[in-house]
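For reference, structure.txt (compact mmCIF, C-alpha atoms):
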```txt
# COMPACT_ATOMS: atom_id res chain seq x y z
CA MET A 1388 144.86 -55.25 143.03
CA GLY A 1389 148.10 -56.28 141.34
CA ILE A 1390 148.69 -52.73 140.14
CA ILE A 1391 148.15 -51.39 143.67
CA MET A 1392 150.73 -53.86 144.98
CA GLN A 1393 153.16 -52.86 142.22
CA LEU A 1394 152.77 -49.20 143.20
CA CYS A 1395 153.89 -50.07 146.73
CA ALA A 1396 156.69 -52.35 145.53
CA GLY A 1397 158.19 -49.57 143.40
CA ILE A 1398 159.84 -48.25 146.57
CA LEU A 1399 162.75 -50.38 145.34
CA TYR A 1400 163.84 -47.62 142.96
CA MET A 1401 163.58 -44.76 145.47
CA TRP A 1402 166.81 -45.29 147.40
CA SER A 1403 168.31 -42.20 145.74
CA VAL A 1404 165.71 -40.17 147.69
CA PHE A 1405 166.39 -41.98 150.98
CA ARG A 1406 170.18 -42.19 150.70
CA GLY A 1407 171.19 -38.68 151.78
CA PRO A 1408 168.87 -38.33 154.79
CA VAL A 1409 169.53 -41.91 155.93
CA ALA A 1410 173.31 -41.45 155.69
CA GLU A 1411 173.05 -38.20 157.68
CA HIS A 1412 170.73 -39.74 160.28
CA LEU A 1413 173.00 -42.77 160.82
CA LEU A 1414 176.28 -40.81 160.49
CA TRP A 1415 177.08 -43.14 157.61
CA ASP A 1416 179.47 -42.78 154.67
CA PRO A 1417 177.26 -41.91 151.63
CA ALA A 1418 179.34 -44.23 149.43
CA GLN A 1419 178.55 -47.17 151.73
CA ALA A 1420 174.91 -46.12 151.92
CA SER A 1421 174.75 -46.25 148.11
CA ILE A 1422 175.42 -49.99 148.18
CA THR A 1423 171.96 -50.49 149.73
CA SER A 1424 170.44 -50.08 146.28
CA SER A 1425 172.51 -52.93 144.82
CA VAL A 1426 171.80 -55.18 147.83
CA MET A 1427 168.08 -54.57 147.44
CA LEU A 1428 168.15 -55.28 143.70
CA ALA A 1429 169.98 -58.57 144.31
CA ALA A 1430 167.47 -59.59 147.00
CA PHE A 1431 164.70 -58.52 144.61
CA VAL A 1432 165.86 -61.14 142.09
CA LEU A 1433 166.09 -63.80 144.80
CA GLY A 1434 162.52 -62.92 145.79
CA ILE A 1435 161.42 -63.32 142.17
CA ILE A 1436 162.99 -66.79 142.00
CA ILE A 1437 161.63 -68.13 145.30
CA GLY A 1438 158.32 -66.25 145.11
CA GLY A 1439 157.91 -67.44 141.53
CA ARG A 1440 158.39 -71.02 142.62
CA MET A 1441 155.81 -70.56 145.39
CA GLN A 1442 153.14 -69.16 143.09
CA ASP A 1443 153.84 -71.76 140.38
CA ARG A 1444 153.56 -74.66 142.82
CA TYR A 1445 150.72 -73.42 144.96
CA ARG A 1446 148.76 -70.28 144.02
CA PRO A 1447 149.31 -66.50 143.97
CA LEU A 1448 148.06 -65.75 147.49
CA PRO A 1449 150.90 -67.25 149.60
CA ALA A 1450 153.63 -65.61 147.50
CA ALA A 1451 151.90 -62.23 147.31
CA LEU A 1452 151.04 -62.24 151.01
CA SER A 1453 154.61 -63.14 151.94
CA GLY A 1454 155.87 -60.31 149.76
CA GLY A 1455 153.57 -57.76 151.39
CA VAL A 1456 154.58 -58.84 154.90
CA LEU A 1457 158.31 -58.77 154.14
CA LEU A 1458 158.17 -55.40 152.35
CA GLY A 1459 156.31 -53.80 155.27
CA LEU A 1460 158.47 -55.51 157.88
CA GLY A 1461 161.69 -54.45 156.17
CA MET A 1462 160.63 -50.79 156.21
CA ILE A 1463 159.44 -50.96 159.83
CA LEU A 1464 162.65 -52.58 161.08
CA SER A 1465 164.71 -49.98 159.19
CA ALA A 1466 163.19 -47.32 161.45
CA PHE A 1467 164.98 -48.82 164.47
CA VAL A 1468 168.50 -49.11 163.03
CA PRO A 1469 170.94 -47.35 165.42
CA PRO A 1470 173.84 -45.14 164.20
CA SER A 1471 176.25 -47.64 165.74
CA MET A 1472 175.10 -50.34 163.29
CA PRO A 1473 174.13 -48.62 160.01
CA TRP A 1474 174.90 -51.80 158.04
CA LEU A 1475 171.60 -53.22 159.34
CA ILE A 1476 169.97 -51.14 156.60
CA TYR A 1477 171.49 -53.63 154.14
CA ILE A 1478 169.61 -56.42 155.92
CA PHE A 1479 166.26 -54.77 156.70
CA TYR A 1480 165.70 -52.36 153.79
CA GLY A 1481 167.92 -54.20 151.32
CA ILE A 1482 167.45 -57.93 151.87
CA VAL A 1483 164.12 -58.24 153.73
CA GLY A 1484 162.39 -55.44 151.81
CA GLY A 1485 163.98 -56.34 148.49
CA PHE A 1486 163.00 -60.00 148.80
CA GLY A 1487 159.41 -58.98 149.56
CA VAL A 1488 159.32 -56.72 146.50
CA GLY A 1489 160.52 -59.62 144.36
CA CYS A 1490 157.71 -61.88 145.60
CA ILE A 1491 155.14 -59.19 144.81
CA TYR A 1492 156.61 -58.45 141.39
CA THR A 1493 156.77 -62.02 140.10
CA THR A 1494 153.33 -62.98 141.40
CA THR A 1495 151.45 -60.05 139.90
CA VAL A 1496 153.26 -60.34 136.54
CA SER A 1497 152.66 -64.10 136.35
CA VAL A 1498 148.97 -63.74 137.13
CA VAL A 1499 148.30 -61.03 134.54
CA GLN A 1500 150.12 -63.00 131.82
CA LYS A 1501 147.87 -65.99 132.48
CA TRP A 1502 144.72 -63.87 132.36
CA PHE A 1503 145.56 -62.17 129.02
CA PRO A 1504 147.58 -64.61 126.84
CA ASP A 1505 146.55 -62.86 123.60
CA LYS A 1506 147.78 -59.44 124.79
CA ARG A 1507 150.67 -60.63 126.91
CA GLY A 1508 153.03 -57.73 126.25
CA PHE A 1509 150.49 -54.96 126.83
CA ALA A 1510 149.03 -56.66 129.92
CA THR A 1511 152.50 -57.09 131.40
CA GLY A 1512 153.29 -53.48 130.55
CA MET A 1513 150.16 -52.27 132.32
CA MET A 1514 151.12 -54.19 135.45
CA VAL A 1515 154.78 -53.19 135.68
CA SER A 1516 154.16 -49.58 134.62
CA ALA A 1517 152.71 -49.11 138.10
CA PHE A 1518 156.07 -50.24 139.47
CA GLY A 1519 157.78 -47.37 137.65
CA PHE A 1520 155.00 -44.86 138.40
CA SER A 1521 155.61 -45.43 142.10
CA LEU A 1522 158.45 -42.89 141.90
CA VAL A 1523 156.06 -40.21 140.69
CA LEU A 1524 153.64 -40.95 143.51
CA PHE A 1525 156.02 -41.49 146.41
CA ALA A 1526 159.20 -39.48 145.63
CA PRO A 1527 157.73 -36.04 146.54
CA THR A 1528 155.85 -37.55 149.47
CA THR A 1529 159.01 -39.19 150.78
CA LYS A 1530 161.03 -36.01 150.38
CA LEU A 1531 158.39 -34.05 152.34
CA LEU A 1532 158.11 -36.66 155.10
CA LEU A 1533 161.88 -36.96 155.53
CA ALA A 1534 162.17 -33.18 155.87
CA ASN A 1535 159.32 -32.85 158.38
CA TRP A 1536 159.15 -36.18 160.22
CA GLY A 1537 162.70 -37.51 159.98
CA VAL A 1538 163.98 -40.90 158.87
CA PRO A 1539 162.50 -43.26 161.53
CA ALA A 1540 158.94 -41.90 161.31
CA THR A 1541 159.04 -42.00 157.49
CA PHE A 1542 160.13 -45.64 157.50
CA LEU A 1543 157.38 -46.51 159.99
CA PHE A 1544 154.72 -44.71 157.96
CA PHE A 1545 155.60 -46.50 154.72
CA GLY A 1546 156.13 -49.82 156.49
CA PHE A 1547 152.66 -49.97 158.03
CA LEU A 1548 151.03 -48.50 154.90
CA PHE A 1549 152.58 -51.09 152.60
CA LEU A 1550 151.95 -53.92 155.05
CA VAL A 1551 148.21 -53.24 155.19
CA VAL A 1552 147.66 -52.30 151.53
CA CYS A 1553 149.68 -55.19 150.06
CA CYS A 1554 148.22 -57.85 152.34
CA VAL A 1555 144.64 -56.78 151.64
CA SER A 1556 145.30 -56.57 147.87
CA ALA A 1557 146.92 -60.02 147.86
CA LEU A 1558 143.63 -61.59 148.95
CA PHE A 1559 142.11 -60.75 145.55
CA LEU A 1560 144.79 -62.34 143.33
CA SER A 1561 143.90 -65.62 141.61
CA ASN A 1562 144.88 -67.56 138.50
CA PRO A 1563 142.29 -67.87 135.68
CA GLU A 1564 142.20 -71.67 135.99
CA THR A 1565 139.74 -71.21 138.83
CA HIS A 1566 137.37 -69.32 136.55
CA GLY A 1567 137.35 -71.38 133.36
CA GLN A 1568 139.47 -72.81 130.60
CA GLN A 1569 140.92 -69.59 129.15
CA SER A 1570 144.52 -70.23 130.15
CA ALA A 1571 144.31 -73.96 129.40
CA SER A 1572 143.28 -73.33 125.79
CA ALA A 1573 146.02 -70.74 125.40
CA ALA A 1574 148.63 -73.03 126.91
CA SER A 1575 147.68 -75.92 124.61
CA THR A 1576 149.16 -74.16 121.59
CA GLN A 1577 152.59 -73.65 123.19
CA LYS A 1578 155.13 -75.90 124.85
CA GLN A 1579 155.23 -75.21 128.59
CA TYR A 1580 158.89 -75.57 129.60
CA THR A 1581 159.76 -76.69 133.09
CA THR A 1582 162.67 -74.79 134.61
CA ALA A 1583 164.96 -77.81 134.13
CA GLU A 1584 164.04 -77.93 130.44
CA MET A 1585 164.50 -74.19 130.03
CA LEU A 1586 167.98 -74.28 131.55
CA LYS A 1587 169.06 -76.70 128.80
CA THR A 1588 168.17 -74.26 126.01
CA LYS A 1589 170.51 -71.79 124.35
CA GLN A 1590 167.71 -69.22 124.23
CA PHE A 1591 167.63 -68.95 128.03
CA TYR A 1592 171.30 -68.01 128.27
CA LEU A 1593 171.06 -65.55 125.38
CA LEU A 1594 168.07 -63.88 127.04
CA ALA A 1595 169.61 -63.68 130.53
CA LEU A 1596 172.99 -62.47 129.25
CA SER A 1597 171.43 -59.85 126.98
CA MET A 1598 169.55 -58.52 130.03
CA PHE A 1599 172.83 -58.44 131.98
CA PHE A 1600 174.51 -56.26 129.35
CA LEU A 1601 171.49 -54.08 128.51
CA LEU A 1602 170.90 -52.52 131.95
CA PRO A 1603 174.24 -51.12 133.30
CA ALA A 1604 173.51 -47.50 132.31
CA TYR A 1605 170.50 -47.42 134.65
CA PHE A 1606 172.20 -49.29 137.48
CA ILE A 1607 175.16 -46.91 137.38
CA LEU A 1608 172.84 -43.90 137.48
CA ASN A 1609 170.25 -45.19 139.95
CA PRO A 1610 171.95 -44.25 143.25
CA LEU A 1611 173.41 -41.07 141.71
CA PHE A 1612 170.37 -39.32 140.22
CA ILE A 1613 170.39 -36.43 142.69
CA SER A 1614 174.11 -36.11 143.55
CA LEU A 1615 175.32 -36.41 139.96
CA GLY A 1616 172.57 -34.09 138.75
CA VAL A 1617 173.79 -31.38 141.14
CA GLU A 1618 177.37 -31.92 139.92
CA ARG A 1619 176.15 -31.50 136.33
CA GLY A 1620 174.60 -28.10 136.97
CA LEU A 1621 171.12 -28.82 138.30
CA THR A 1622 169.74 -27.35 141.49
CA GLU A 1623 168.84 -29.84 144.20
CA ASN A 1624 165.13 -29.26 143.55
CA ALA A 1625 165.62 -29.80 139.82
CA ALA A 1626 167.54 -33.00 140.53
CA ALA A 1627 164.72 -34.20 142.79
CA LEU A 1628 162.27 -33.37 139.99
CA GLY A 1629 164.46 -35.52 137.78
CA VAL A 1630 163.75 -38.49 140.06
CA MET A 1631 160.02 -37.97 139.47
CA LEU A 1632 160.62 -37.69 135.73
CA THR A 1633 162.47 -40.99 135.72
CA GLY A 1634 159.41 -42.54 137.34
CA ILE A 1635 157.15 -41.19 134.59
CA ALA A 1636 159.65 -42.31 131.94
CA SER A 1637 160.03 -45.77 133.44
CA ALA A 1638 156.26 -46.25 133.68
CA SER A 1639 155.80 -45.01 130.10
CA GLY A 1640 158.57 -47.28 128.82
CA ARG A 1641 157.02 -50.32 130.49
CA LEU A 1642 153.67 -49.64 128.85
CA LEU A 1643 154.63 -48.29 125.41
CA THR A 1644 157.53 -50.64 124.67
CA SER A 1645 155.49 -53.70 125.58
CA TRP A 1646 152.66 -52.47 123.34
CA PHE A 1647 155.19 -51.92 120.54
CA SER A 1648 156.60 -55.44 121.02
CA ASP A 1649 153.13 -56.99 120.68
CA TYR A 1650 153.02 -55.70 117.10
CA ALA A 1651 156.65 -55.37 115.96
CA GLY A 1652 157.94 -58.41 117.83
CA ARG A 1653 159.90 -58.90 121.06
CA LYS A 1654 163.28 -58.85 119.32
CA ALA A 1655 162.48 -55.49 117.71
CA GLY A 1656 161.57 -54.18 121.17
CA ILE A 1657 164.84 -55.32 122.74
CA VAL A 1658 166.95 -54.04 119.83
CA THR A 1659 165.27 -50.62 119.99
CA ILE A 1660 165.91 -50.40 123.74
CA ALA A 1661 169.59 -51.33 123.29
CA ILE A 1662 170.21 -48.77 120.53
CA VAL A 1663 168.50 -45.90 122.36
CA THR A 1664 170.28 -46.76 125.64
CA PHE A 1665 173.62 -46.84 123.78
CA VAL A 1666 173.08 -43.30 122.45
CA ALA A 1667 171.91 -41.96 125.83
CA ALA A 1668 174.85 -43.58 127.68
CA LEU A 1669 177.31 -41.88 125.34
CA GLY A 1670 175.43 -38.61 125.85
CA MET A 1671 175.85 -38.96 129.62
CA ILE A 1672 179.62 -38.59 129.26
CA SER A 1673 179.35 -34.82 128.87
CA ALA A 1674 175.65 -34.01 129.41
CA ARG A 1675 174.90 -31.05 131.69
CA ASP A 1676 171.83 -29.13 132.86
CA SER A 1677 168.71 -29.94 130.82
CA MET A 1678 170.58 -32.35 128.53
CA PHE A 1679 171.53 -34.36 131.61
CA LEU A 1680 167.82 -34.73 132.42
CA VAL A 1681 167.05 -35.74 128.83
CA CYS A 1682 169.66 -38.51 128.92
CA VAL A 1683 168.58 -39.74 132.36
CA VAL A 1684 164.91 -39.82 131.36
CA THR A 1685 165.78 -41.68 128.14
CA ILE A 1686 167.76 -44.32 130.04
CA ALA A 1687 164.90 -44.70 132.55
CA PHE A 1688 162.39 -45.10 129.69
CA CYS A 1689 164.47 -47.88 128.16
CA PHE A 1690 165.04 -49.55 131.51
CA GLY A 1691 161.31 -49.59 132.15
CA GLY A 1692 160.68 -50.96 128.67
CA SER A 1693 163.08 -53.83 129.28
CA ALA A 1694 161.10 -54.92 132.36
CA SER A 1695 157.92 -55.59 130.40
CA VAL A 1696 159.50 -56.81 127.15
CA TYR A 1697 161.76 -59.37 128.84
CA ALA A 1698 158.89 -60.72 130.95
CA ALA A 1699 156.74 -61.14 127.86
CA THR A 1700 159.66 -62.64 125.90
CA ALA A 1701 160.27 -65.24 128.61
CA ALA A 1702 156.59 -66.23 128.43
CA ASP A 1703 156.73 -66.40 124.60
CA LEU A 1704 159.80 -68.62 124.69
CA PHE A 1705 159.01 -70.90 127.62
CA GLY A 1706 155.24 -70.67 128.25
CA THR A 1707 153.30 -69.37 131.25
CA LYS A 1708 152.72 -72.53 133.29
CA HIS A 1709 156.07 -72.18 135.10
CA ILE A 1710 156.66 -68.49 134.32
CA GLY A 1711 157.21 -67.47 137.94
CA LEU A 1712 160.34 -69.54 138.46
CA ASN A 1713 161.42 -69.41 134.81
CA TYR A 1714 161.38 -65.62 134.68
CA GLY A 1715 163.11 -65.53 138.06
CA CYS A 1716 165.99 -67.46 136.53
CA VAL A 1717 166.14 -65.05 133.58
CA MET A 1718 166.22 -62.19 136.10
CA ILE A 1719 169.51 -63.50 137.49
CA GLY A 1720 171.01 -61.45 134.66
CA PHE A 1721 169.27 -58.40 136.14
CA GLY A 1722 170.50 -59.09 139.68
CA VAL A 1723 174.11 -59.78 138.77
CA SER A 1724 174.18 -56.68 136.57
CA ALA A 1725 172.81 -54.59 139.46
CA LEU A 1726 175.69 -55.77 141.65
CA VAL A 1727 178.59 -55.84 139.21
CA PHE A 1728 178.29 -52.62 137.24
CA PRO A 1729 177.86 -50.14 140.13
CA LEU A 1730 180.97 -51.65 141.74
CA LEU A 1731 182.88 -51.36 138.47
CA SER A 1732 181.61 -47.80 138.08
CA ASN A 1733 182.87 -46.87 141.56
CA ARG A 1734 186.32 -48.18 140.64
CA LEU A 1735 186.34 -46.37 137.29
CA ALA A 1736 185.08 -43.14 138.88
CA ALA A 1737 187.69 -43.11 141.65
CA THR A 1738 188.92 -39.76 140.31
CA GLY A 1739 185.44 -38.27 140.58
CA ALA A 1740 184.51 -38.42 136.86
CA TYR A 1741 182.10 -40.93 135.34
CA THR A 1742 183.36 -40.84 131.74
CA TYR A 1743 184.65 -44.40 131.74
CA SER A 1744 181.54 -45.65 133.56
CA PHE A 1745 179.27 -44.50 130.76
CA ILE A 1746 181.65 -45.75 128.07
CA LEU A 1747 181.40 -49.12 129.81
CA ALA A 1748 177.60 -48.90 129.80
CA ALA A 1749 177.54 -48.02 126.08
CA GLY A 1750 179.89 -50.88 125.25
CA ALA A 1751 177.68 -53.29 127.19
CA CYS A 1752 174.72 -52.27 125.00
CA VAL A 1753 176.67 -53.32 121.91
CA ILE A 1754 177.20 -56.78 123.44
CA ALA A 1755 173.47 -56.95 124.25
CA LEU A 1756 172.67 -56.22 120.60
CA ILE A 1757 174.93 -59.03 119.42
CA LEU A 1758 173.37 -61.52 121.84
CA THR A 1759 169.85 -60.45 120.86
CA ALA A 1760 170.65 -61.08 117.19
CA PHE A 1761 170.98 -64.80 117.98
CA LEU A 1762 167.67 -65.02 119.85
CA LYS A 1763 164.92 -66.99 118.12
CA ILE A 1764 161.66 -65.66 119.52
CA PRO A 1765 158.31 -67.11 118.33
CA LYS A 1766 156.13 -64.66 116.43
CA ASN A 1767 153.11 -63.38 118.36
CA THR A 1768 149.96 -65.36 117.88
CA LYS A 1769 147.14 -63.12 116.74
CA LYS A 1770 143.89 -63.29 118.61
CA LYS A 1771 141.40 -65.55 116.87
CA ALA A 1772 138.02 -64.15 115.90
```
How does the structure come out when it is put into structure tokens?
Amino acid sequence: MGIIMQLCAGILYMWSVFRGPVAEHLLWDPAQASITSSVMLAAFVLGIIIGGRMQDRYRPLPAALSGGVLLGLGMILSAFVPPSMPWLIYIFYGIVGGFGVGCIYTTTVSVVQKWFPDKRGFATGMMVSAFGFSLVLFAPTTKLLLANWGVPATFLFFGFLFLVVCCVSALFLSNPETHGQQSASAASTQKQYTTAEMLKTKQFYLLALSMFFLLPAYFILNPLFISLGVERGLTENAAALGVMLTGIASASGRLLTSWFSDYAGRKAGIVTIAIVTFVAALGMISARDSMFLVCVVTIAFCFGGSASVYAATAADLFGTKHIGLNYGCVMIGFGVSALVFPLLSNRLAATGAYTYSFILAAGACVIALILTAFLKIPKNTKKKA
């Protein structure tokens, strides 16, 4: 049920598909429409923090149900935005929808980590890989619906679909404490940090800041997948295919990198992601045609990998009892990065070129590597026979 909810919540990363048709429908400046993605990512983090607190204090159902309602409602309300007030998209699609996605994301990740403490990385990767795979499932569907039904009908279709599917799925989420002592025995071997205790540790700030500096390459590219791909020599259909490929890459990264980190260690997982992203960001400076797709897919793979590895790392460092709110605080690095770096990129690309934007992204990866070097992450506990 959590995976089904994650599939719906992955709409967060599909704004590059919506942007052009929505801007045309609302007679809106495409540059202003692009900001919707950053607004939604920021609201996503806020949803993780508040939704995480809800599921930590009560149980998964209220947080997951709230997320499903807000995601569906945000899409439905977006269908009624008039051309005279296009900025309402920021509120309905961006804030309301993004907040709902955050509630869904944190609840499903927290629950699966509590159910499988001995395979925390792989279990988290399985859950969040559905979030990335959503692009593969919904990108071609969305493109077809926008072309044949128009923007309002497409928003209504997805809004009601997600509202029903997420709310029904939420009814089946529960923590393992209600079914035995599995999580209690796992928790007894590890200190369970409260959020106040976590915020006093150096490891928290190293983790959140490394996330902030690791992700700019993806955030710069996210609203530009199709438009920049066409500029770099791809046809519009090939660029749209690229969006689907990023979904496959993101889903694969979430699963494979988390599996790798279970055996090689979380720090090795983060370092690998940073190095590969650094190389791909430099490649984006001049990449064209098929090489452009290779670099984009590589960056999406690493971005997806970071989602599962950081969630598992937060649980390794601070325990799972308060993981909802704790990971939400770590994700502040994600949200601030999603806001800051696209704005910086727009300033740097004022001439129309993105050379300096990708140099910035590569440089940020170097800082992430330095911060990660100072992280002290507990070694994984092997499953007892």
Pull the closest atom pair for each residue of stretch 1561-1651 of chain A that gets at most 8 Å from stretch 1391-1405 of chain A, along with the distance in Å to one decimal, counting all atoms listed in the file, ordering rows by chain and then ascending residue number, as a Markdown table.
```
| residue | atom | partner | partner_atom | distance |
| --- | --- | --- | --- | --- |
| A:Asn1609 | CA | A:Ser1403 | CA | 6.8 |
| A:Pro1610 | CA | A:Ser1403 | CA | 4.9 |
| A:Leu1611 | CA | A:Ser1403 | CA | 6.6 |
| A:Phe1612 | CA | A:Ser1403 | CA | 6.6 |
| A:Ile1613 | CA | A:Ser1403 | CA | 6.8 |
| A:Ala1627 | CA | A:Val1404 | CA | 7.8 |
```
Expressed in Å to a single decimal, how great is the separation between atom CA of A:Gly1487 and atom CA of A:Ser1453?
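Taking atom CA of A:Gly1487 and atom CA of A:Ser1453, their separation equals 6.8 Å.
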Protein/DNA/RNA residues near (167.1, -70.9, 125.2), cut 10 Å, all atoms listed in the file, as number ranges by chain:
A: 1584-1595, 1701, 1704-1705, 1762-1764
Provide the atom CA of A:Ala1748 to atom CA of A:Phe1688 distance in Å, to one decimal place.
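Computing it gives 15.7 Å between the two atoms.
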Which one of A:Ile1607, A:Ala1583, A:Leu1596, A:Val1499 sits closest to A:Leu1730 if you count all atoms listed in the file?
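When distances to A:Leu1730 are compared using all atoms listed in the file, the smallest one comes from A:Ile1607.
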Quick one: of A:Gly1670, A:Ile1463, A:Gly1438, A:Leu1433, who's nearest to A:Gly1546, counting all atoms listed in the file?
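Among A:Gly1670, A:Ile1463, A:Gly1438, A:Leu1433, it is A:Ile1463 that comes nearest to A:Gly1546.
The interatomic distance for the pair atom CA of A:Cys1682 and atom CA of A:Ala1420 works out to 24.8 Å.
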Which residue out of A:Gly1434, A:Gly1459, A:Gly1692, A:Gly1722 has the minimum interatomic distance to A:Leu1548 when only C-alpha atoms are used?
A:Gly1459
Counting all atoms listed in the file, the option among A:Ala1430, A:Val1658, A:Ala1534, A:Val1523 closest to A:Leu1756:
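Checking each candidate against A:Leu1756, we get A:Val1658 as the closest.
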Judged by all atoms listed in the file, the minimum distance to A:Val1727 among A:Phe1647, A:Tyr1741, A:Tyr1697, A:Phe1606 is found for A:Phe1606
Could you give me, as a PyMOL selection string, the residues that have an atom at most 10 Å away from the point (158.0, -41.0, 134.3) in the coordinates of the file, using only C-alpha atoms?
chain A and resi 1516+1519-1523+1629-1640+1684-1685+1687-1688+1691
Could you check which of A:Ala1698, A:Leu1533, A:Ala1736, A:Ile1476 is closest to A:Val1426, using only C-alpha atoms?
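Comparing A:Ala1698, A:Leu1533, A:Ala1736, A:Ile1476 against A:Val1426, the winner is A:Ile1476.
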Can you tell me which residues surround A:Glu1623 at a distance of at most 12 Å, considering all atoms listed in the file, apart from same-chain residues fewer than 2 positions away, and format the answer as a count of residues only?
20
Close residues, A:Gly1711 itself excluded, 12 Å, only C-alpha atoms, min 4 positions apart in chain, as a PyMOL selection string
chain A and resi 1432-1447+1450-1451+1489-1501+1580-1582+1698-1699+1701-1702+1705-1707+1715-1718
Next, dump the selected residues to file, keeping only C-alpha atoms, as a compact mmCIF listing (two decimals), in the frame of the given file.
```
# COMPACT_ATOMS: atom_id res chain seq x y z
CA VAL A 1432 165.86 -61.14 142.09
CA LEU A 1433 166.09 -63.80 144.80
CA GLY A 1434 162.52 -62.92 145.79
CA ILE A 1435 161.42 -63.32 142.17
CA ILE A 1436 162.99 -66.79 142.00
CA ILE A 1437 161.63 -68.13 145.30
CA GLY A 1438 158.32 -66.25 145.11
CA GLY A 1439 157.91 -67.44 141.53
CA ARG A 1440 158.39 -71.02 142.62
CA MET A 1441 155.81 -70.56 145.39
CA GLN A 1442 153.14 -69.16 143.09
CA ASP A 1443 153.84 -71.76 140.38
CA ARG A 1444 153.56 -74.66 142.82
CA TYR A 1445 150.72 -73.42 144.96
CA ARG A 1446 148.76 -70.28 144.02
CA PRO A 1447 149.31 -66.50 143.97
CA ALA A 1450 153.63 -65.61 147.50
CA ALA A 1451 151.90 -62.23 147.31
CA GLY A 1489 160.52 -59.62 144.36
CA CYS A 1490 157.71 -61.88 145.60
CA ILE A 1491 155.14 -59.19 144.81
CA TYR A 1492 156.61 -58.45 141.39
CA THR A 1493 156.77 -62.02 140.10
CA THR A 1494 153.33 -62.98 141.40
CA THR A 1495 151.45 -60.05 139.90
CA VAL A 1496 153.26 -60.34 136.54
CA SER A 1497 152.66 -64.10 136.35
CA VAL A 1498 148.97 -63.74 137.13
CA VAL A 1499 148.30 -61.03 134.54
CA GLN A 1500 150.12 -63.00 131.82
CA LYS A 1501 147.87 -65.99 132.48
CA TYR A 1580 158.89 -75.57 129.60
CA THR A 1581 159.76 -76.69 133.09
CA THR A 1582 162.67 -74.79 134.61
CA ALA A 1698 158.89 -60.72 130.95
CA ALA A 1699 156.74 -61.14 127.86
CA ALA A 1701 160.27 -65.24 128.61
CA ALA A 1702 156.59 -66.23 128.43
CA PHE A 1705 159.01 -70.90 127.62
CA GLY A 1706 155.24 -70.67 128.25
CA THR A 1707 153.30 -69.37 131.25
CA GLY A 1715 163.11 -65.53 138.06
CA CYS A 1716 165.99 -67.46 136.53
CA VAL A 1717 166.14 -65.05 133.58
CA MET A 1718 166.22 -62.19 136.10
```
File for stretch 1394-1419 of chain A (C-alpha atoms), as a tab-separated table (two decimals), in the first residue's frame:
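Output saved as out-v1.tsv:
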```
chain	number	residue	atom	x	y	z
A	1394	LEU	CA	3.62	5.99	-7.07
A	1395	CYS	CA	0.91	8.65	-6.80
A	1396	ALA	CA	3.11	11.03	-4.82
A	1397	GLY	CA	5.82	10.94	-7.50
A	1398	ILE	CA	3.77	13.52	-9.42
A	1399	LEU	CA	6.05	15.96	-7.58
A	1400	TYR	CA	8.80	15.42	-10.16
A	1401	MET	CA	6.58	15.74	-13.24
A	1402	TRP	CA	6.25	19.52	-13.41
A	1403	SER	CA	8.55	19.59	-16.45
A	1404	VAL	CA	5.75	17.75	-18.32
A	1405	PHE	CA	3.01	20.08	-17.04
A	1406	ARG	CA	4.93	23.35	-17.33
A	1407	GLY	CA	4.57	24.09	-21.05
A	1408	PRO	CA	0.87	23.24	-21.44
A	1409	VAL	CA	-0.04	24.96	-18.15
A	1410	ALA	CA	1.87	28.12	-19.11
A	1411	GLU	CA	0.13	28.16	-22.51
A	1412	HIS	CA	-3.30	27.49	-20.99
A	1413	LEU	CA	-2.92	30.28	-18.40
A	1414	LEU	CA	-1.09	32.69	-20.75
A	1415	TRP	CA	1.73	32.59	-18.22
A	1416	ASP	CA	5.44	33.39	-18.55
A	1417	PRO	CA	7.23	29.98	-18.71
A	1418	ALA	CA	10.00	31.30	-16.46
A	1419	GLN	CA	7.45	32.11	-13.75
```
